[in-house]
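coords.tsv (TSV, C-alpha atoms)
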```tsv
chain	number	residue	atom	x	y	z
A	1	MET	CA	11.29	7.38	99.72
A	2	ALA	CA	15.04	7.18	99.18
A	3	ASP	CA	16.49	4.70	96.67
A	4	PHE	CA	19.62	4.01	98.71
A	5	THR	CA	20.49	3.77	102.40
A	6	CYS	CA	23.93	4.59	103.73
A	7	LEU	CA	25.39	3.81	107.16
A	8	VAL	CA	27.88	6.42	108.43
A	9	VAL	CA	30.13	5.11	111.22
A	10	GLU	CA	32.18	7.86	112.93
A	11	ASP	CA	32.92	8.50	116.60
A	12	SER	CA	33.36	12.28	116.21
A	13	PRO	CA	29.83	13.77	116.22
A	14	MET	CA	31.10	16.79	114.34
A	15	MET	CA	32.76	14.76	111.62
A	16	ARG	CA	29.69	12.55	111.38
A	17	GLN	CA	27.50	15.62	110.93
A	18	LEU	CA	29.90	16.96	108.32
A	19	ILE	CA	29.66	13.72	106.32
A	20	VAL	CA	25.86	13.62	106.68
A	21	PHE	CA	25.72	17.28	105.63
A	22	ALA	CA	27.74	16.47	102.48
A	23	LEU	CA	25.60	13.39	101.72
A	24	SER	CA	22.39	15.44	102.02
A	25	ARG	CA	23.15	16.69	98.51
A	26	VAL	CA	22.36	13.22	97.13
A	27	LYS	CA	18.57	13.37	97.17
A	28	THR	CA	18.07	9.64	96.64
A	29	LEU	CA	20.14	8.72	99.68
A	30	SER	CA	18.96	8.30	103.27
A	31	VAL	CA	21.54	8.12	106.06
A	32	VAL	CA	21.72	6.14	109.30
A	33	GLU	CA	24.43	7.11	111.82
A	34	ALA	CA	26.50	4.93	114.16
A	35	ASP	CA	29.06	5.97	116.85
A	36	ASP	CA	31.45	3.03	116.50
A	37	GLY	CA	31.88	-0.49	115.13
A	38	VAL	CA	29.63	-2.19	117.65
A	39	ASP	CA	26.85	0.33	117.16
A	40	ALA	CA	27.29	-0.15	113.38
A	41	LEU	CA	26.84	-3.96	113.67
A	42	LYS	CA	23.61	-3.39	115.61
A	43	LYS	CA	22.31	-1.05	112.91
A	44	LEU	CA	23.38	-3.49	110.17
A	45	ALA	CA	21.50	-6.32	111.87
A	46	GLY	CA	18.33	-4.24	111.83
A	47	GLY	CA	18.26	-3.29	108.15
A	48	ARG	CA	19.67	-3.46	104.66
A	49	PHE	CA	22.25	-0.93	103.52
A	50	ASP	CA	23.57	-0.02	100.08
A	51	LEU	CA	26.73	1.76	101.24
A	52	ILE	CA	28.82	1.89	104.43
A	53	ILE	CA	31.12	4.82	105.23
A	54	THR	CA	33.40	4.29	108.21
A	55	ASP	CA	36.27	5.90	110.10
A	56	ILE	CA	39.19	3.70	111.21
A	57	ASN	CA	40.16	5.07	114.63
A	58	MET	CA	37.15	4.53	116.86
A	59	PRO	CA	36.68	3.26	120.42
A	60	ILE	CA	35.18	-0.18	121.24
A	61	MET	CA	35.54	-1.54	117.68
A	62	ASP	CA	37.68	0.17	115.03
A	63	GLY	CA	36.85	0.53	111.35
A	64	LEU	CA	39.13	-2.24	110.09
A	65	LYS	CA	37.57	-4.84	112.41
A	66	LEU	CA	34.19	-3.62	111.24
A	67	VAL	CA	35.17	-4.08	107.56
A	68	LYS	CA	36.29	-7.65	108.35
A	69	ARG	CA	32.97	-8.39	110.11
A	70	ILE	CA	30.91	-6.93	107.28
A	71	ARG	CA	32.76	-9.01	104.67
A	72	SER	CA	31.82	-12.16	106.55
A	73	ASP	CA	28.18	-11.11	107.00
A	74	ALA	CA	25.74	-12.96	104.73
A	75	VAL	CA	23.51	-9.96	104.11
A	76	HIS	CA	26.06	-7.17	103.67
A	77	LYS	CA	29.16	-8.98	102.43
A	78	ASP	CA	28.92	-7.36	98.98
A	79	VAL	CA	27.96	-3.85	100.11
A	80	PRO	CA	30.53	-1.21	99.07
A	81	ILE	CA	32.56	0.22	101.97
A	82	MET	CA	34.24	3.63	101.96
A	83	ILE	CA	36.87	4.48	104.57
A	84	ILE	CA	37.28	8.12	105.65
A	85	THR	CA	40.27	8.46	107.96
A	86	THR	CA	43.16	10.59	109.17
A	87	GLU	CA	45.54	7.69	108.43
A	88	GLY	CA	47.29	8.78	105.25
A	89	ALA	CA	50.11	6.23	105.06
A	90	ALA	CA	50.20	3.94	102.01
A	91	GLU	CA	50.32	0.79	104.18
A	92	ASP	CA	47.13	1.82	106.01
A	93	ARG	CA	45.38	2.26	102.68
A	94	GLN	CA	46.64	-1.11	101.39
A	95	ARG	CA	45.59	-2.86	104.59
A	96	ALA	CA	42.06	-1.43	104.42
A	97	LEU	CA	41.66	-2.29	100.73
A	98	ALA	CA	43.03	-5.80	101.33
A	99	LEU	CA	40.43	-6.34	104.05
A	100	GLY	CA	37.69	-5.50	101.56
A	101	ALA	CA	37.19	-1.73	101.58
A	102	ASN	CA	36.22	-0.33	98.17
A	103	ALA	CA	37.38	3.28	98.61
A	104	TYR	CA	39.81	5.09	100.90
A	105	ILE	CA	39.61	8.85	101.50
A	106	THR	CA	41.87	10.74	103.87
A	107	LYS	CA	40.85	13.70	106.05
A	108	PRO	CA	40.44	16.59	105.75
A	109	ILE	CA	37.64	15.71	103.37
A	110	GLN	CA	36.27	17.80	100.54
A	111	ALA	CA	32.53	17.26	100.01
A	112	PRO	CA	32.78	17.00	96.16
A	113	GLN	CA	35.42	14.28	96.50
A	114	VAL	CA	33.20	12.26	98.88
A	115	LEU	CA	30.11	12.77	96.70
A	116	THR	CA	31.92	11.67	93.54
A	117	LYS	CA	33.07	8.48	95.24
A	118	VAL	CA	29.63	7.79	96.75
A	119	LYS	CA	27.96	8.17	93.32
A	120	GLU	CA	30.61	5.93	91.78
A	121	LEU	CA	30.07	3.18	94.37
A	122	LEU	CA	26.27	3.40	94.12
A	123	LYS	CA	26.46	3.70	90.30
A	124	ILE	CA	24.43	6.93	90.31
A	125	ASP	CA	24.83	9.28	87.30
U	1	MET	CA	-10.78	-1.31	-54.76
U	2	SER	CA	-9.89	2.34	-54.32
U	3	GLU	CA	-13.17	2.83	-52.56
U	4	THR	CA	-12.23	-0.05	-50.36
U	5	LEU	CA	-8.92	1.56	-49.77
U	6	ASN	CA	-10.57	4.90	-49.09
U	7	GLU	CA	-13.06	3.26	-46.89
U	8	ARG	CA	-10.25	1.49	-45.12
U	9	GLU	CA	-8.17	4.71	-44.40
U	10	PRO	CA	-10.54	6.14	-41.87
U	11	ALA	CA	-10.56	2.79	-40.14
U	12	HIS	CA	-6.79	2.92	-39.88
U	13	GLU	CA	-6.93	6.46	-38.57
U	14	SER	CA	-9.40	5.66	-35.88
U	15	GLU	CA	-7.36	2.64	-34.95
U	16	ALA	CA	-4.28	4.79	-34.71
U	17	VAL	CA	-6.15	7.30	-32.62
U	18	SER	CA	-7.41	4.56	-30.46
U	19	LEU	CA	-3.92	3.22	-30.05
U	20	ARG	CA	-2.58	6.66	-29.16
U	21	LYS	CA	-5.35	7.07	-26.65
U	22	GLU	CA	-4.51	3.73	-25.14
U	23	ASP	CA	-0.85	4.68	-25.02
U	24	PHE	CA	-1.72	7.96	-23.46
U	25	ILE	CA	-3.98	6.37	-20.92
U	26	GLU	CA	-1.43	3.71	-20.19
U	27	THR	CA	1.29	6.29	-19.81
U	28	PHE	CA	-1.01	8.46	-17.78
U	29	PHE	CA	-1.85	5.68	-15.39
U	30	ARG	CA	1.70	4.46	-15.25
U	31	ARG	CA	2.89	7.95	-14.49
U	32	GLY	CA	0.07	8.33	-11.98
U	33	ALA	CA	1.07	5.09	-10.37
U	34	GLU	CA	4.70	6.15	-10.31
U	35	PHE	CA	3.73	9.51	-8.85
U	36	ALA	CA	1.53	7.85	-6.28
U	37	THR	CA	4.38	5.51	-5.40
U	38	GLU	CA	6.70	8.48	-5.12
U	39	LEU	CA	4.15	10.30	-2.98
U	40	ILE	CA	3.67	7.28	-0.74
U	41	SER	CA	7.40	6.90	-0.40
U	42	GLU	CA	7.80	10.59	0.38
U	43	LEU	CA	4.93	10.43	2.85
U	44	GLN	CA	6.56	7.49	4.57
U	45	SER	CA	9.84	9.35	4.69
U	46	LEU	CA	8.10	12.41	6.11
U	47	ARG	CA	6.36	10.25	8.68
U	48	ARG	CA	9.68	8.78	9.73
U	49	GLN	CA	11.19	12.25	9.97
U	50	THR	CA	8.21	13.48	11.96
U	51	SER	CA	8.49	10.54	14.28
U	52	GLN	CA	12.21	11.13	14.63
U	53	LEU	CA	11.64	14.82	15.29
U	54	GLN	CA	9.03	13.97	17.85
U	55	GLU	CA	11.45	11.63	19.58
U	56	GLU	CA	14.14	14.28	19.49
U	57	ASN	CA	11.68	16.80	20.82
U	58	LEU	CA	10.73	14.50	23.65
U	59	GLU	CA	14.35	13.88	24.42
U	60	LEU	CA	15.05	17.61	24.43
U	61	ARG	CA	12.12	18.17	26.75
U	62	HIS	CA	13.50	15.55	29.11
U	63	HIS	CA	16.91	17.21	29.00
U	64	LEU	CA	15.33	20.52	29.77
U	65	ALA	CA	13.38	19.05	32.66
U	66	SER	CA	16.46	17.33	34.07
U	67	ASP	CA	18.47	20.57	33.72
U	68	ASP	CA	15.78	22.33	35.77
U	69	ALA	CA	15.92	19.58	38.38
U	70	ILE	CA	19.71	19.86	38.52
U	71	ARG	CA	19.48	23.64	38.85
U	72	GLU	CA	16.97	23.19	41.67
U	73	LEU	CA	19.21	20.61	43.36
U	74	LEU	CA	22.19	22.94	43.06
U	75	HIS	CA	20.18	25.70	44.71
U	76	LYS	CA	19.19	23.32	47.46
U	77	ILE	CA	22.80	22.18	47.94
U	78	GLU	CA	23.90	25.81	48.13
U	79	ALA	CA	21.21	26.58	50.73
U	80	LEU	CA	22.10	23.48	52.74
U	81	GLU	CA	25.82	24.35	52.61
U	82	SER	CA	24.99	27.80	53.94
U	83	GLU	CA	22.80	26.29	56.67
U	84	LYS	CA	25.57	23.82	57.52
U	85	ASP	CA	28.09	26.68	57.91
U	86	HIS	CA	25.60	28.54	60.09
U	87	LEU	CA	25.00	25.45	62.24
U	88	ARG	CA	28.74	24.81	62.51
U	89	SER	CA	29.29	28.34	63.68
U	90	ASN	CA	26.42	27.99	66.16
U	91	ALA	CA	27.80	24.64	67.39
U	92	ALA	CA	31.25	26.17	67.93
U	93	SER	CA	29.71	29.06	69.83
U	94	THR	CA	27.54	26.67	71.90
U	95	LYS	CA	30.61	24.55	72.65
U	96	ASP	CA	32.45	27.62	73.91
U	97	GLN	CA	29.44	28.58	76.01
U	98	ASN	CA	29.22	25.03	77.39
U	99	GLN	CA	32.88	25.15	78.38
U	100	ASP	CA	32.29	28.49	80.10
U	101	PHE	CA	29.26	27.07	81.91
U	102	ALA	CA	31.20	23.96	82.94
U	103	ALA	CA	34.01	26.11	84.35
U	104	MET	CA	31.46	28.31	86.13
U	105	TYR	CA	29.72	25.21	87.50
U	106	VAL	CA	33.00	23.90	88.93
U	107	ALA	CA	33.75	27.31	90.47
U	108	VAL	CA	30.25	27.55	91.96
U	109	GLU	CA	30.51	23.99	93.32
U	110	LYS	CA	33.84	24.86	94.95
U	111	GLU	CA	32.41	28.06	96.41
U	112	LEU	CA	29.32	26.20	97.63
U	113	ASP	CA	31.50	23.60	99.31
U	114	ALA	CA	33.54	26.34	100.98
U	115	LEU	CA	30.39	28.12	102.16
U	116	ALA	CA	28.91	24.84	103.41
U	117	ASN	CA	32.06	24.19	105.45
U	118	LEU	CA	32.03	27.74	106.86
U	119	TYR	CA	28.34	27.50	107.71
U	120	PHE	CA	28.94	24.14	109.35
U	121	ALA	CA	31.94	25.43	111.34
U	122	SER	CA	30.21	28.59	112.61
U	123	TYR	CA	27.09	26.58	113.48
U	124	GLN	CA	29.21	24.09	115.45
U	125	ILE	CA	31.25	26.67	117.31
U	126	HIS	CA	28.16	28.56	118.53
U	127	SER	CA	26.12	25.47	119.37
U	128	THR	CA	27.42	25.35	122.95
U	129	LEU	CA	28.27	27.65	125.88
U	130	ASP	CA	30.41	25.12	127.68
U	131	PRO	CA	34.11	26.21	127.58
U	132	GLN	CA	35.50	22.66	127.21
U	133	THR	CA	33.03	21.87	124.43
U	134	VAL	CA	33.98	25.10	122.65
U	135	LEU	CA	37.66	24.10	122.81
U	136	GLY	CA	36.75	20.59	121.65
U	137	THR	CA	34.84	22.03	118.70
U	138	ILE	CA	37.77	24.25	117.70
U	139	GLU	CA	39.99	21.18	117.99
U	140	GLN	CA	37.68	19.13	115.74
U	141	LEU	CA	37.30	21.94	113.20
U	142	LEU	CA	41.06	22.34	112.90
U	143	ALA	CA	41.64	18.59	112.69
U	144	GLN	CA	38.71	17.51	110.53
U	145	LEU	CA	38.32	20.51	108.23
U	146	VAL	CA	41.88	21.83	107.99
U	147	GLY	CA	43.87	18.67	108.63
U	148	THR	CA	45.83	20.00	111.61
U	149	SER	CA	47.61	17.30	113.60
U	150	SER	CA	48.98	19.48	116.43
U	151	PHE	CA	48.24	22.95	117.75
U	152	VAL	CA	48.08	25.06	120.92
U	153	ILE	CA	45.51	27.67	121.90
U	154	TYR	CA	46.99	30.63	123.77
U	155	LEU	CA	44.84	33.17	125.61
U	156	ALA	CA	45.80	36.68	126.72
U	157	ARG	CA	46.58	37.39	130.37
U	158	GLN	CA	47.87	40.38	132.27
U	159	ILE	CA	50.75	39.03	134.37
U	160	GLU	CA	52.98	41.28	136.46
U	161	GLY	CA	51.78	44.28	134.52
U	162	GLU	CA	52.66	42.75	131.20
U	163	ARG	CA	50.32	41.42	128.51
U	164	VAL	CA	51.28	37.84	127.67
U	165	PHE	CA	49.76	34.76	126.03
U	166	VAL	CA	49.52	31.54	128.02
U	167	PRO	CA	48.69	28.08	126.66
U	168	ILE	CA	45.26	26.85	127.75
U	169	HIS	CA	44.69	23.91	125.34
U	170	ALA	CA	47.13	21.67	123.47
U	171	TYR	CA	46.28	19.08	120.82
U	172	HIS	CA	48.75	16.26	120.21
U	173	CYS	CA	51.71	18.35	121.41
U	174	SER	CA	53.12	20.08	124.50
U	175	PRO	CA	53.26	23.86	124.68
U	176	ARG	CA	56.78	25.01	123.83
U	177	GLN	CA	56.58	28.01	126.20
U	178	SER	CA	54.53	28.66	129.34
U	179	ARG	CA	54.11	32.30	128.41
U	180	ILE	CA	54.75	34.36	125.31
U	181	ARG	CA	55.12	38.11	125.36
U	182	ALA	CA	52.56	39.80	123.22
U	183	THR	CA	55.30	41.15	120.96
U	184	ASP	CA	57.47	38.03	120.56
U	185	GLY	CA	57.88	35.86	117.48
U	186	PRO	CA	55.20	34.80	114.96
U	187	ILE	CA	52.55	34.48	117.72
U	188	GLY	CA	53.18	38.03	118.96
U	189	GLU	CA	53.23	39.26	115.37
U	190	ALA	CA	49.85	37.64	114.55
U	191	ALA	CA	48.41	39.08	117.80
U	192	ARG	CA	49.65	42.57	116.95
U	193	ASP	CA	48.61	42.55	113.27
U	194	GLN	CA	45.31	40.73	113.99
U	195	VAL	CA	45.71	38.81	110.72
U	196	HIS	CA	46.32	35.07	110.33
U	197	SER	CA	49.77	34.20	109.03
U	198	VAL	CA	51.68	31.27	107.59
U	199	VAL	CA	55.22	31.32	108.92
U	200	ASP	CA	57.90	31.38	106.24
U	201	PRO	CA	59.68	27.98	106.45
U	202	GLY	CA	63.01	29.67	105.64
U	203	SER	CA	62.99	31.91	108.72
U	204	ARG	CA	61.05	29.58	111.03
U	205	LYS	CA	62.76	28.46	114.27
U	206	GLU	CA	62.20	24.92	115.53
U	207	GLU	CA	59.83	26.05	118.32
U	208	ASP	CA	57.85	28.31	116.01
U	209	PRO	CA	54.42	27.31	114.72
U	210	ILE	CA	53.78	26.87	110.98
U	211	ALA	CA	50.70	29.13	111.10
U	212	CYS	CA	49.04	31.51	113.58
U	213	ILE	CA	45.39	32.52	113.86
U	214	PRO	CA	44.72	35.53	116.09
U	215	MET	CA	41.36	35.50	117.89
U	216	VAL	CA	39.96	38.98	117.83
U	217	LEU	CA	36.95	40.39	119.69
U	218	GLY	CA	36.18	43.99	118.78
U	219	ASN	CA	39.65	45.53	118.51
U	220	GLU	CA	41.21	43.27	121.13
U	221	THR	CA	43.25	40.14	120.43
U	222	ILE	CA	42.07	37.74	123.12
U	223	GLY	CA	44.24	34.82	122.03
U	224	VAL	CA	46.15	33.04	119.27
U	225	ILE	CA	45.84	29.54	117.83
U	226	ALA	CA	49.32	28.30	116.91
U	227	ILE	CA	49.38	25.38	114.42
U	228	TYR	CA	52.51	23.22	114.63
U	229	SER	CA	51.89	20.41	112.15
U	230	LEU	CA	49.48	19.02	109.53
U	231	PHE	CA	48.39	15.48	108.68
U	232	GLU	CA	50.96	13.40	106.79
U	233	GLN	CA	48.86	13.57	103.60
U	234	LYS	CA	48.45	17.36	103.78
U	235	ASN	CA	51.53	19.35	102.85
U	236	HIS	CA	50.16	22.87	102.43
U	237	PHE	CA	47.20	25.09	103.25
U	238	VAL	CA	44.50	25.70	100.64
U	239	ASP	CA	42.12	28.64	100.05
U	240	ILE	CA	39.27	27.22	102.15
U	241	ASP	CA	41.66	26.85	105.12
U	242	PHE	CA	42.25	30.61	105.14
U	243	GLU	CA	38.48	31.21	105.03
U	244	LEU	CA	38.17	28.95	108.08
U	245	PHE	CA	41.02	30.84	109.79
U	246	LYS	CA	39.05	34.09	109.31
U	247	MET	CA	35.92	32.44	110.70
U	248	LEU	CA	37.83	31.04	113.71
U	249	SER	CA	39.46	34.41	114.29
U	250	LEU	CA	36.07	36.09	114.90
U	251	HIS	CA	33.70	33.30	115.95
U	252	GLY	CA	36.34	31.42	117.96
U	253	ALA	CA	37.03	34.55	120.01
U	254	SER	CA	33.36	35.27	120.76
U	255	ALA	CA	32.64	31.60	121.54
U	256	ILE	CA	35.61	31.39	123.97
U	257	VAL	CA	34.77	34.66	125.74
U	258	GLY	CA	31.01	33.92	125.77
U	259	SER	CA	31.42	30.41	127.17
U	260	GLY	CA	33.94	31.71	129.76
U	261	LEU	CA	31.47	34.33	130.97
U	262	MET	CA	28.71	31.74	131.02
U	263	ALA	CA	30.85	29.46	133.17
U	264	GLN	CA	31.47	32.35	135.59
U	265	ALA	CA	27.82	33.32	135.70
U	266	GLY	CA	26.79	29.72	136.34
U	267	SER	CA	23.50	29.91	134.47
U	268	THR	CA	21.88	31.50	131.46
U	269	GLU	CA	19.67	33.49	133.86
U	270	ALA	CA	22.52	35.88	134.78
U	271	GLY	CA	23.26	36.47	131.13
U	272	LEU	CA	19.62	37.08	130.29
U	273	ARG	CA	19.31	39.60	133.16
U	274	THR	CA	21.80	41.89	131.41
U	275	TYR	CA	19.00	42.71	128.94
U	276	PRO	CA	16.62	45.09	130.78
U	277	SER	CA	12.91	44.58	130.19
U	278	LEU	CA	10.96	47.27	128.37
U	279	PRO	CA	8.34	49.25	130.37
U	280	ALA	CA	4.78	48.09	129.60
```
What is this file in structure tokens?
Amino acid sequence: MADFTCLVVEDSPMMRQLIVFALSRVKTLSVVEADDGVDALKKLAGGRFDLIITDINMPIMDGLKLVKRIRSDAVHKDVPIMIITTEGAAEDRQRALALGANAYITKPIQAPQVLTKVKELLKID
Amino acid sequence: MSETLNEREPAHESEAVSLRKEDFIETFFRRGAEFATELISELQSLRRQTSQLQEENLELRHHLASDDAIRELLHKIEALESEKDHLRSNAASTKDQNQDFAAMYVAVEKELDALANLYFASYQIHSTLDPQTVLGTIEQLLAQLVGTSSFVIYLARQIEGERVFVPIHAYHCSPRQSRIRATDGPIGEAARDQVHSVVDPGSRKEEDPIACIPMVLGNETIGVIAIYSLFEQKNHFVDIDFELFKMLSLHGASAIVGSGLMAQAGSTEAGLRTYPSLPA
């Protein structure tokens, strides 16, 4: 049984698979996938998560609204959130961090970079 | 009277003898006592000397023992010093080896990441035979793995007897030209050379792409992917991008042609019929 559970929220199936593929190298981590913000809230209501990785630009509910909702959720308000996005501008980063995101990575992603950040947020050696 | 005197003389003599004897004895004993005293004194002195010599002897023995211990300790120190030098040399060599291993580990990790991306990309591109999904996958691979923000896919056509490239898919941009001759500009050059290229910024015209990826099937260039811009945070291509270009060049071409034929055939059945069955 995995020690940690991570929710990956990404509307691009290919990008989602790429992130899941990278995360598969952390053996103690199990992954749950969501297509967008609304789907993510449903998954969050049904379980406990140790880490949330989300894109920003998604249909129905974007990543920033999702971060805001998570930070006001009693169960997951303290769960670390990592943003993976194409938005590389400094103001986008500042906005996401101000809303409560813990890490901000821009695409294209490199798996080692994502893994290092994931281990840092989960405090895994 | 004379007789008395004569009788008295021997008495005097014996008295004198007796006195001499007494003197002698007295002297003898006195001398004996003195000699004994001298002997006792000498004996005591000898005893003291013996005791002193014994103490000195003991002390010398201790010295000798401690000298041996010191010699032994010095030998030990020498051996330990030699061992320390040996260990230091080993530690330095191990440190060098560790640094080599760490560098190798980083290189292997990088290579593994590149291979994982290539595996992922080729798996994705061949996971469908629907032409629009193939184009969508190429789009996603270029955007998500390379960081391309705009590009156009051109495919080869024979128009009015001339081989040209026409745009069939554009991502976040409009095609600059409706047809490009197979020999014109960076696109024509990439098609002719069948090698991906990054256009030199110094000689690049405004309508030119920044990079071209020819799609090659067998010896034929069936199309070219022209990249026009990258994400704001990405200012240059990296090694893994060129590996992906090579993969797209071969696998992109076969996926596009394969999915096109599949769309024409209408079902997998037609494709499967091209493989004749073996006689029983």
Just to confirm, what's the straight-line distance from atom CA of U:Leu46 to atom CA of U:Thr27 in Å (one decimal)?
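The value is 27.5 Å.
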Pick out the chain U residues within 9 Å of chain A. Count only C-alpha atoms. Give them as number ranges by chain.
U: 109-110, 113-114, 116-117, 120, 124, 137, 140-141, 143-148, 231-234
Keeping only C-alpha atoms, take the residues you just selected and write them out as a tab-separated table (two decimals), in the frame of the given file.
```tsv
chain	number	residue	atom	x	y	z
U	109	GLU	CA	30.51	23.99	93.32
U	110	LYS	CA	33.84	24.86	94.95
U	113	ASP	CA	31.50	23.60	99.31
U	114	ALA	CA	33.54	26.34	100.98
U	116	ALA	CA	28.91	24.84	103.41
U	117	ASN	CA	32.06	24.19	105.45
U	120	PHE	CA	28.94	24.14	109.35
U	124	GLN	CA	29.21	24.09	115.45
U	137	THR	CA	34.84	22.03	118.70
U	140	GLN	CA	37.68	19.13	115.74
U	141	LEU	CA	37.30	21.94	113.20
U	143	ALA	CA	41.64	18.59	112.69
U	144	GLN	CA	38.71	17.51	110.53
U	145	LEU	CA	38.32	20.51	108.23
U	146	VAL	CA	41.88	21.83	107.99
U	147	GLY	CA	43.87	18.67	108.63
U	148	THR	CA	45.83	20.00	111.61
U	231	PHE	CA	48.39	15.48	108.68
U	232	GLU	CA	50.96	13.40	106.79
U	233	GLN	CA	48.86	13.57	103.60
U	234	LYS	CA	48.45	17.36	103.78
```
Give me the residues near stretch 114-117 of chain A as a PyMOL selection string, where near means some atom within 12 Å (using only C-alpha atoms) and where sequence neighbours in that chain fewer than 6 positions away do not count.
(chain A and resi 18-27+29+51+53+80-84+102-108+123-125) or (chain U and resi 109+113)
Give the centre and edge lengths of an axis-aligned box, in Å to one decimal, that holds all listed atoms of stretch 18-31 of chain U with 3 Å on each side, as JSON.
```
{"center_x": -2.3, "center_y": 5.8, "center_z": -22.5, "size_x": 16.3, "size_y": 11.2, "size_z": 22.0}
```
When you count all atoms listed in the file, which of these residues is closest to U:His169: U:Glu139, U:Glu207, U:Asp23, U:Asp184?
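With all atoms listed in the file as the atom set, the closest residue is U:Glu139.
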Which neighbours of A:Gly63 fall inside 10 Å, counting all atoms listed in the file, when residues of the same chain fewer than 2 positions from it are skipped, and could you give them as a ChimeraX atom specification?
/A:9-10,36-38,40,53-59,61,65-69,83-85,96
Rounded to one decimal place, report the atom CA of U:Val199-atom CA of U:Gln132 distance in Å.
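Taking atom CA of U:Val199 as the start and atom CA of U:Gln132 as the end point, the length is 28.3 Å.
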Please report the interatomic distance between atom CA of U:His251 and atom CA of U:Ile213 in Å with one decimal.
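Atom CA of U:Ile213 lies at a distance of 11.9 Å from atom CA of U:His251.
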Among A:Asp62, A:Glu120, A:Asp73, A:Glu91, A:Leu44 is approached most closely, using all atoms listed in the file, by A:Asp73
So which residues are close to (27.3, 22.7, 130.1), meaning at most 10 Å away in the file's coordinates with only C-alpha atoms counted, and can you show them as a ChimeraX atom specification?
/U:128-133,259,262-263,266-267
